[in-house]
file upload.cif (mmCIF, C-alpha atoms)
data_query
loop_
_atom_site.group_PDB
_atom_site.id
_atom_site.type_symbol
_atom_site.label_atom_id
_atom_site.label_comp_id
_atom_site.auth_asym_id
_atom_site.auth_seq_id
_atom_site.Cartn_x
_atom_site.Cartn_y
_atom_site.Cartn_z
ATOM 1 C CA MET A 1 22.244 -28.580 -24.797
ATOM 2 C CA GLN A 2 23.228 -25.960 -22.197
ATOM 3 C CA ARG A 3 21.039 -23.350 -23.870
ATOM 4 C CA SER A 4 18.105 -25.762 -23.926
ATOM 5 C CA LEU A 5 18.744 -26.699 -20.294
ATOM 6 C CA GLU A 6 18.682 -23.050 -19.198
ATOM 7 C CA ALA A 7 15.487 -22.467 -21.186
ATOM 8 C CA LEU A 8 13.758 -25.379 -19.469
ATOM 9 C CA LYS A 9 14.909 -24.151 -16.069
ATOM 10 C CA THR A 10 13.514 -20.714 -16.889
ATOM 11 C CA MET A 11 10.224 -22.428 -17.678
ATOM 12 C CA GLY A 12 10.192 -23.716 -14.102
ATOM 13 C CA LEU A 13 11.697 -27.181 -14.398
ATOM 14 C CA ASP A 14 14.107 -28.615 -11.883
ATOM 15 C CA GLU A 15 17.531 -29.098 -13.502
ATOM 16 C CA LYS A 16 17.339 -32.884 -13.254
ATOM 17 C CA ALA A 17 13.793 -32.923 -14.621
ATOM 18 C CA ALA A 18 15.069 -30.815 -17.535
ATOM 19 C CA ASN A 19 17.878 -33.324 -18.107
ATOM 20 C CA VAL A 20 15.317 -36.164 -18.187
ATOM 21 C CA TYR A 21 13.286 -34.292 -20.819
ATOM 22 C CA LEU A 22 16.387 -33.618 -22.939
ATOM 23 C CA ALA A 23 17.386 -37.293 -22.717
ATOM 24 C CA LEU A 24 13.935 -38.320 -23.939
ATOM 25 C CA LEU A 25 14.227 -35.955 -26.889
ATOM 26 C CA ARG A 26 17.192 -37.983 -28.191
ATOM 27 C CA ARG A 27 15.256 -41.268 -28.305
ATOM 28 C CA PRO A 28 11.745 -42.148 -29.557
ATOM 29 C CA ARG A 29 10.912 -43.692 -26.192
ATOM 30 C CA MET A 30 12.711 -44.933 -23.089
ATOM 31 C CA THR A 31 12.114 -46.942 -19.920
ATOM 32 C CA VAL A 32 12.985 -45.595 -16.481
ATOM 33 C CA SER A 33 16.094 -47.795 -16.415
ATOM 34 C CA GLU A 34 17.264 -46.340 -19.723
ATOM 35 C CA ILE A 35 16.576 -42.791 -18.555
ATOM 36 C CA SER A 36 18.556 -43.505 -15.385
ATOM 37 C CA ARG A 37 21.571 -44.716 -17.346
ATOM 38 C CA GLU A 38 21.376 -41.838 -19.811
ATOM 39 C CA THR A 39 21.157 -39.105 -17.152
ATOM 40 C CA ASN A 40 23.141 -40.697 -14.311
ATOM 41 C CA ILE A 41 20.149 -40.151 -12.049
ATOM 42 C CA LYS A 42 19.245 -42.972 -9.677
ATOM 43 C CA ARG A 43 16.365 -45.076 -10.972
ATOM 44 C CA ALA A 44 14.203 -44.491 -7.875
ATOM 45 C CA THR A 45 14.764 -40.731 -8.139
ATOM 46 C CA CYS A 46 13.914 -40.695 -11.845
ATOM 47 C CA TYR A 47 10.272 -41.355 -11.041
ATOM 48 C CA GLU A 48 10.096 -38.068 -9.106
ATOM 49 C CA TYR A 49 11.283 -36.037 -12.088
ATOM 50 C CA ILE A 50 9.200 -38.001 -14.580
ATOM 51 C CA ASP A 51 6.140 -37.206 -12.462
ATOM 52 C CA GLN A 52 6.989 -33.499 -12.687
ATOM 53 C CA LEU A 53 7.086 -33.778 -16.471
ATOM 54 C CA LEU A 54 3.874 -35.814 -16.648
ATOM 55 C CA VAL A 55 1.988 -33.231 -14.579
ATOM 56 C CA ARG A 56 3.116 -30.507 -16.971
ATOM 57 C CA ASP A 57 2.246 -32.619 -20.040
ATOM 58 C CA TYR A 58 5.886 -32.457 -21.171
ATOM 59 C CA VAL A 59 6.127 -36.249 -21.524
ATOM 60 C CA THR A 60 3.729 -39.116 -22.258
ATOM 61 C CA ARG A 61 3.568 -42.563 -20.675
ATOM 62 C CA GLU A 62 2.915 -45.716 -22.734
ATOM 63 C CA PRO A 63 2.454 -49.095 -21.012
ATOM 64 C CA ALA A 64 3.637 -52.063 -23.114
ATOM 65 C CA GLY A 65 3.094 -55.367 -21.352
ATOM 66 C CA LYS A 66 5.118 -55.394 -18.155
ATOM 67 C CA ARG A 67 7.177 -52.401 -19.252
ATOM 68 C CA THR A 68 6.382 -48.712 -19.345
ATOM 69 C CA PHE A 69 7.882 -46.374 -21.903
ATOM 70 C CA TYR A 70 8.154 -42.614 -21.739
ATOM 71 C CA SER A 71 8.369 -40.190 -24.663
ATOM 72 C CA ALA A 72 9.084 -36.466 -24.881
ATOM 73 C CA VAL A 73 6.341 -34.184 -26.166
ATOM 74 C CA ASP A 74 7.318 -32.017 -29.159
ATOM 75 C CA PRO A 75 9.190 -28.947 -27.803
ATOM 76 C CA LYS A 76 6.879 -26.650 -29.808
ATOM 77 C CA LYS A 77 3.885 -28.098 -27.929
ATOM 78 C CA VAL A 78 5.809 -27.750 -24.665
ATOM 79 C CA PHE A 79 6.333 -24.071 -25.422
ATOM 80 C CA THR A 80 2.628 -23.670 -26.235
ATOM 81 C CA ILE A 81 1.784 -25.229 -22.866
ATOM 82 C CA PHE A 82 4.251 -22.848 -21.201
ATOM 83 C CA ARG A 83 2.669 -19.834 -22.910
ATOM 84 C CA ARG A 84 -0.749 -21.027 -21.741
ATOM 85 C CA ASP A 85 0.546 -21.190 -18.171
ATOM 86 C CA ILE A 86 2.104 -17.732 -18.533
ATOM 87 C CA ALA A 87 -1.267 -16.350 -19.642
ATOM 88 C CA LYS A 88 -2.859 -17.789 -16.505
ATOM 89 C CA ILE A 89 -0.121 -16.260 -14.369
ATOM 90 C CA GLU A 90 -0.498 -12.871 -16.074
ATOM 91 C CA GLY A 91 -4.220 -12.915 -15.352
ATOM 92 C CA ALA A 92 -3.589 -13.785 -11.716
ATOM 93 C CA VAL A 93 -0.918 -11.067 -11.420
ATOM 94 C CA LEU A 94 -3.349 -8.470 -12.785
ATOM 95 C CA GLU A 95 -5.952 -9.534 -10.222
ATOM 96 C CA MET A 96 -3.392 -9.366 -7.415
ATOM 97 C CA SER A 97 -2.145 -5.981 -8.619
ATOM 98 C CA THR A 98 -5.704 -4.651 -8.568
ATOM 99 C CA LEU A 99 -6.130 -5.892 -5.002
ATOM 100 C CA HIS A 100 -2.820 -4.341 -3.961
ATOM 101 C CA GLU A 101 -3.535 -1.017 -5.636
ATOM 102 C CA HIS A 102 -6.973 -0.928 -4.042
ATOM 103 C CA ALA A 103 -5.505 -1.625 -0.604
ATOM 104 C CA VAL A 104 -2.713 0.955 -0.986
ATOM 105 C CA ASN A 105 -4.823 3.775 -2.431
ATOM 106 C CA ARG A 106 -8.099 3.173 -0.637
ATOM 107 C CA PRO A 107 -8.635 5.907 1.952
ATOM 108 C CA ARG A 108 -8.621 4.772 5.555
ATOM 109 C CA VAL A 109 -11.434 6.486 7.448
ATOM 110 C CA THR A 110 -11.694 6.631 11.248
ATOM 111 C CA TYR A 111 -14.567 8.149 13.238
ATOM 112 C CA PHE A 112 -14.289 9.849 16.630
ATOM 113 C CA GLU A 113 -16.907 11.039 19.105
ATOM 114 C CA GLY A 114 -16.648 12.990 22.359
ATOM 115 C CA LYS A 115 -13.981 15.206 23.900
ATOM 116 C CA ARG A 116 -11.755 12.335 24.965
ATOM 117 C CA GLN A 117 -11.575 10.873 21.476
ATOM 118 C CA LEU A 118 -11.082 14.274 19.846
ATOM 119 C CA LYS A 119 -8.017 14.784 22.020
ATOM 120 C CA LEU A 120 -6.600 11.590 20.496
ATOM 121 C CA ILE A 121 -6.548 13.368 17.129
ATOM 122 C CA TYR A 122 -4.551 16.252 18.559
ATOM 123 C CA GLU A 123 -2.145 13.806 20.224
ATOM 124 C CA ASP A 124 -1.670 12.074 16.878
ATOM 125 C CA LEU A 125 -0.915 15.451 15.307
ATOM 126 C CA PHE A 126 1.977 15.962 17.743
ATOM 127 C CA LYS A 127 3.723 12.945 16.177
ATOM 128 C CA THR A 128 3.688 14.464 12.698
ATOM 129 C CA VAL A 129 6.702 15.457 10.628
ATOM 130 C CA GLY A 130 6.427 18.495 8.387
ATOM 131 C CA VAL A 131 4.055 21.424 8.326
ATOM 132 C CA VAL A 132 0.566 21.225 9.831
ATOM 133 C CA TYR A 133 -2.149 23.159 8.014
ATOM 134 C CA SER A 134 -5.357 24.189 9.761
ATOM 135 C CA ILE A 135 -8.626 26.089 9.419
ATOM 136 C CA PHE A 136 -9.825 26.945 12.901
ATOM 137 C CA PRO A 137 -13.082 28.497 14.232
ATOM 138 C CA PRO A 138 -12.229 29.995 17.659
ATOM 139 C CA THR A 139 -15.749 30.778 18.907
ATOM 140 C CA THR A 140 -17.099 27.292 18.168
ATOM 141 C CA PHE A 141 -14.048 25.809 19.888
ATOM 142 C CA PHE A 142 -14.775 27.746 23.080
ATOM 143 C CA GLU A 143 -18.376 26.534 23.143
ATOM 144 C CA ASN A 144 -17.077 23.151 24.341
ATOM 145 C CA PHE A 145 -13.471 23.831 25.410
ATOM 146 C CA THR A 146 -11.810 26.311 27.734
ATOM 147 C CA ILE A 147 -9.056 28.852 27.219
ATOM 148 C CA GLU A 148 -6.843 26.546 29.304
ATOM 149 C CA ASP A 149 -7.546 23.723 26.836
ATOM 150 C CA TYR A 150 -6.339 25.874 23.956
ATOM 151 C CA GLU A 151 -3.319 27.074 25.910
ATOM 152 C CA ASP A 152 -2.330 23.448 26.607
ATOM 153 C CA PHE A 153 -2.741 22.598 22.925
ATOM 154 C CA ASP A 154 -0.725 25.596 21.771
ATOM 155 C CA LYS A 155 2.045 24.882 24.302
ATOM 156 C CA SER A 156 2.232 21.296 22.996
ATOM 157 C CA ILE A 157 2.625 22.585 19.431
ATOM 158 C CA THR A 158 5.497 24.731 20.681
ATOM 159 C CA GLN A 159 7.013 21.930 22.759
ATOM 160 C CA TYR A 160 7.061 19.520 19.813
ATOM 161 C CA ALA A 161 8.500 22.243 17.547
ATOM 162 C CA ILE A 162 5.794 21.723 14.963
ATOM 163 C CA ALA A 163 5.582 24.218 12.117
ATOM 164 C CA SER A 164 2.030 25.302 11.369
ATOM 165 C CA ARG A 165 0.141 27.477 8.910
ATOM 166 C CA ASP A 166 -3.184 28.377 10.473
ATOM 167 C CA LEU A 167 -6.190 30.103 8.960
ATOM 168 C CA PHE A 168 -8.528 31.526 11.615
ATOM 169 C CA VAL A 169 -12.180 32.367 11.260
ATOM 170 C CA ALA A 170 -12.528 36.092 12.031
ATOM 171 C CA ASP A 171 -14.834 35.899 15.058
ATOM 172 C CA LYS A 172 -14.966 37.449 18.505
ATOM 173 C CA HIS A 173 -12.312 35.121 19.963
ATOM 174 C CA TYR A 174 -9.742 35.671 17.204
ATOM 175 C CA LYS A 175 -7.737 38.203 19.246
ATOM 176 C CA THR A 176 -7.727 35.926 22.295
ATOM 177 C CA LEU A 177 -6.070 33.167 20.278
ATOM 178 C CA GLN A 178 -3.491 35.550 18.859
ATOM 179 C CA GLU A 179 -2.531 36.684 22.358
ATOM 180 C CA ILE A 180 -2.072 33.080 23.518
ATOM 181 C CA ARG A 181 0.019 32.187 20.456
ATOM 182 C CA LYS A 182 2.181 35.284 20.841
ATOM 183 C CA LYS A 183 2.853 34.422 24.477
ATOM 184 C CA ASN A 184 3.854 30.825 23.712
ATOM 185 C CA GLY A 185 5.747 31.404 20.465
ATOM 186 C CA PRO A 186 7.587 30.312 18.351
ATOM 187 C CA SER A 187 7.910 31.956 14.935
ATOM 188 C CA SER A 188 7.376 28.584 13.196
ATOM 189 C CA LYS A 189 3.648 29.066 13.825
ATOM 190 C CA VAL A 190 2.255 31.490 11.267
ATOM 191 C CA SER A 191 -1.356 32.475 10.818
ATOM 192 C CA LYS A 192 -3.771 34.562 8.792
ATOM 193 C CA LYS A 193 -7.299 35.782 9.382
ATOM 194 C CA LEU A 194 -9.958 34.611 6.952
ATOM 195 C CA PRO A 195 -12.344 37.148 5.365
ATOM 196 C CA ASP A 196 -15.242 38.313 7.538
ATOM 197 C CA TRP A 197 -17.765 36.526 5.321
ATOM 198 C CA PHE A 198 -16.117 33.130 5.873
ATOM 199 C CA ASP A 199 -17.869 31.062 8.525
ATOM 200 C CA SER A 200 -17.318 27.495 9.751
ATOM 201 C CA ASN A 201 -17.874 25.305 12.790
ATOM 202 C CA VAL A 202 -15.333 22.703 11.690
ATOM 203 C CA ASP A 203 -11.699 22.505 12.714
ATOM 204 C CA VAL A 204 -9.737 21.252 9.697
ATOM 205 C CA LEU A 205 -6.295 19.743 10.242
ATOM 206 C CA ILE A 206 -4.025 18.557 7.434
ATOM 207 C CA TYR A 207 -0.914 16.706 8.550
ATOM 208 C CA SER A 208 1.254 13.917 7.128
ATOM 209 C CA GLU A 209 -1.119 12.003 4.832
ATOM 210 C CA LYS A 210 -4.183 12.699 6.986
ATOM 211 C CA VAL A 211 -7.084 15.117 6.971
ATOM 212 C CA ALA A 212 -9.045 15.570 10.206
ATOM 213 C CA LEU A 213 -12.484 17.179 9.950
ATOM 214 C CA ILE A 214 -13.561 17.987 13.503
ATOM 215 C CA SER A 215 -17.094 19.200 14.098
ATOM 216 C CA LEU A 216 -16.589 21.279 17.240
ATOM 217 C CA ARG A 217 -20.313 21.893 17.615
ATOM 218 C CA ASP A 218 -21.300 18.245 18.111
ATOM 219 C CA LEU A 219 -17.861 16.944 19.179
ATOM 220 C CA SER A 220 -17.454 14.391 16.406
ATOM 221 C CA ALA A 221 -14.787 13.936 13.791
ATOM 222 C CA VAL A 222 -13.635 11.923 10.829
ATOM 223 C CA VAL A 223 -9.965 11.379 9.974
ATOM 224 C CA ILE A 224 -9.162 10.396 6.387
ATOM 225 C CA GLU A 225 -5.756 8.855 5.757
ATOM 226 C CA ASN A 226 -4.883 9.068 2.061
ATOM 227 C CA LYS A 227 -2.048 10.909 0.328
ATOM 228 C CA ASP A 228 -4.086 12.154 -2.626
ATOM 229 C CA ILE A 229 -6.852 13.543 -0.400
ATOM 230 C CA ALA A 230 -4.317 15.138 1.956
ATOM 231 C CA ASP A 231 -2.528 16.744 -1.012
ATOM 232 C CA LEU A 232 -5.843 18.099 -2.319
ATOM 233 C CA PHE A 233 -6.664 19.724 1.029
ATOM 234 C CA ARG A 234 -3.136 21.161 1.249
ATOM 235 C CA ASN A 235 -3.585 22.739 -2.189
ATOM 236 C CA MET A 236 -6.982 24.130 -1.180
ATOM 237 C CA HIS A 237 -5.435 25.546 2.001
ATOM 238 C CA SER A 238 -2.645 27.173 -0.024
ATOM 239 C CA LEU A 239 -5.211 28.778 -2.301
ATOM 240 C CA MET A 240 -7.129 30.142 0.685
ATOM 241 C CA TRP A 241 -3.855 31.316 2.263
ATOM 242 C CA LYS A 242 -3.038 33.417 -0.786
ATOM 243 C CA GLY A 243 -6.490 35.014 -0.711
ATOM 244 C CA ALA A 244 -6.550 35.692 3.032
#
call {"tool": "encode", "arguments": {"input": "upload.cif", "output": "structure tokens"}}
result
Amino acid sequence: MQRSLEALKTMGLDEKAANVYLALLRRPRMTVSEISRETNIKRATCYEYIDQLLVRDYVTREPAGKRTFYSAVDPKKVFTIFRRDIAKIEGAVLEMSTLHEHAVNRPRVTYFEGKRQLKLIYEDLFKTVGVVYSIFPPTTFFENFTIEDYEDFDKSITQYAIASRDLFVADKHYKTLQEIRKKNGPSSKVSKKLPDWFDSNVDVLIYSEKVALISLRDLSAVVIENKDIADLFRNMHSLMWKGA
């Protein structure tokens, strides 16, 4: 009986409810008083466990005059009922898994507008761990920001000891940026100049699991937080780095 008891418990029955079912299997039918004596469960408490079994269709109830008899359903039918319930659970688990996967893998997109909000992106970058990858257009940056703004940014990169691999658009302000970076150090910031034909007005930052696309011309940006997208941009940056 111990094996049967454990099986019933695995199927979700309370131990005492399982004992009631096993007691009913040994007799064609029984009253609550008989079940109580057979299982050593108080008569009043027996009703609670019988109700559990009735809800699951594991037992049947048969009124006979002033008495009520209970009978166990064939264990094979009980197992069929259990398999039916398992199928329902499996379907629900698949639905929940789809929801979870969608929530975990769905990119989180945040929009920014104006100088003040763009600076929030750079502040977020300072909290990153690991290498920061960038594609930077100096001339477009200086259309809306000052040399002092860039110096402050570069000093912050140095202060937070962030390693960076920067690709710079080869424009008229390229040398100015190199002078500022050389003055501030450190060697953990490495850069390359992109080919003369390459042109862009967008500052691209790849850090942690985020990609920031900052339109320096109209001072707006979108930050995409998603590991797969960030990895793709890192790979694209590495390819450009090799060709620069």
call {"tool": "atom_distance", "arguments": {"input": "upload.cif", "atom1": "CA of Thr158 (chain A)", "atom2": "CA of Lys182 (chain A)"}}
result
11.1 Å
call {"tool": "residues_around", "arguments": {"input": "upload.cif", "residues": "Ile180 (chain A)", "least_positions_apart": "4", "cutoff": "9 Å", "atoms": "only C-alpha atoms", "output": "PDB file with C-alpha atoms, in the frame of the given file"}}
result
ATOM      1  CA  ILE A 147      -9.056  28.852  27.219  1.00  0.00           C
ATOM      2  CA  TYR A 150      -6.339  25.874  23.956  1.00  0.00           C
ATOM      3  CA  GLU A 151      -3.319  27.074  25.910  1.00  0.00           C
ATOM      4  CA  ASP A 154      -0.725  25.596  21.771  1.00  0.00           C
ATOM      5  CA  LYS A 175      -7.737  38.203  19.246  1.00  0.00           C
ATOM      6  CA  THR A 176      -7.727  35.926  22.295  1.00  0.00           C
ATOM      7  CA  ASN A 184       3.854  30.825  23.712  1.00  0.00           C
ATOM      8  CA  GLY A 185       5.747  31.404  20.465  1.00  0.00           C
TER       9      GLY A 185
END
call {"tool": "residues_around", "arguments": {"input": "upload.cif", "residues": "Val211 (chain A)", "least_positions_apart": "5", "cutoff": "8 Å", "atoms": "only C-alpha atoms", "output": "list in words"}}
result
Val204, Leu205, Ile206, Val223, Ile224, Glu225, Ile229, Ala230 and Phe233 of chain A
call {"tool": "closest_residue", "arguments": {"input": "upload.cif", "among": "A:Arg217, A:Lys16, A:His100, A:Arg26", "to": "Cys46 (chain A)", "atoms": "only C-alpha atoms"}}
result
A:Lys16
call {"tool": "residues_around", "arguments": {"input": "upload.cif", "residues": "Thr31 (chain A)", "least_positions_apart": "4", "cutoff": "10 Å", "atoms": "all atoms listed in the file", "output": "PyMOL selection string"}}
result
chain A and resi 24+35-36+61-63+67-71
call {"tool": "resolve_selection", "arguments": {"input": "upload.cif", "expression": "the PyMOL selection byres ((chain A and resi 19-22) around 12)", "output": "ChimeraX atom specification"}}
result
/A:1-9,13-18,23-43,45-54,56-60,70-75,78
call {"tool": "atom_distance", "arguments": {"input": "upload.cif", "atom1": "CA of Arg181 (chain A)", "atom2": "CA of Asn201 (chain A)"}}
result
20.6 Å
call {"tool": "axis_aligned_box", "arguments": {"input": "upload.cif", "around": "region 51-65 of chain A", "padding_each_side": "3 Å", "output": "JSON"}}
result
{"center_x": 4.5, "center_y": -42.9, "center_z": -17.8, "size_x": 11.1, "size_y": 30.9, "size_z": 16.7}
call {"tool": "atom_distance", "arguments": {"input": "upload.cif", "atom1": "CA of Lys183 (chain A)", "atom2": "CA of Asp149 (chain A)"}}
result
15.1 Å
call {"tool": "residues_around", "arguments": {"input": "upload.cif", "residues": "Ser188 (chain A)", "least_positions_apart": "5", "cutoff": "10 Å", "atoms": "only C-alpha atoms", "output": "ChimeraX atom specification"}}
result
/A:131,157-158,161-165
call {"tool": "write_last_selection", "arguments": {"input": "upload.cif", "atoms": "C-alpha atoms", "output": "PDB file, in the coordinates of the input"}}
result
ATOM      1  CA  VAL A 131       4.055  21.424   8.326  1.00  0.00           C
ATOM      2  CA  ILE A 157       2.625  22.585  19.431  1.00  0.00           C
ATOM      3  CA  THR A 158       5.497  24.731  20.681  1.00  0.00           C
ATOM      4  CA  ALA A 161       8.500  22.243  17.547  1.00  0.00           C
ATOM      5  CA  ILE A 162       5.794  21.723  14.963  1.00  0.00           C
ATOM      6  CA  ALA A 163       5.582  24.218  12.117  1.00  0.00           C
ATOM      7  CA  SER A 164       2.030  25.302  11.369  1.00  0.00           C
ATOM      8  CA  ARG A 165       0.141  27.477   8.910  1.00  0.00           C
TER       9      ARG A 165
END
call {"tool": "closest_residue", "arguments": {"input": "upload.cif", "among": "A:Phe142, A:Phe82, A:Phe136, A:Tyr111", "to": "Asp166 (chain A)", "atoms": "only C-alpha atoms"}}
result
A:Phe136
call {"tool": "closest_residue", "arguments": {"input": "upload.cif", "among": "A:Val132, A:Val109, A:Met11, A:Leu125", "to": "Arg83 (chain A)", "atoms": "only C-alpha atoms"}}
result
A:Met11
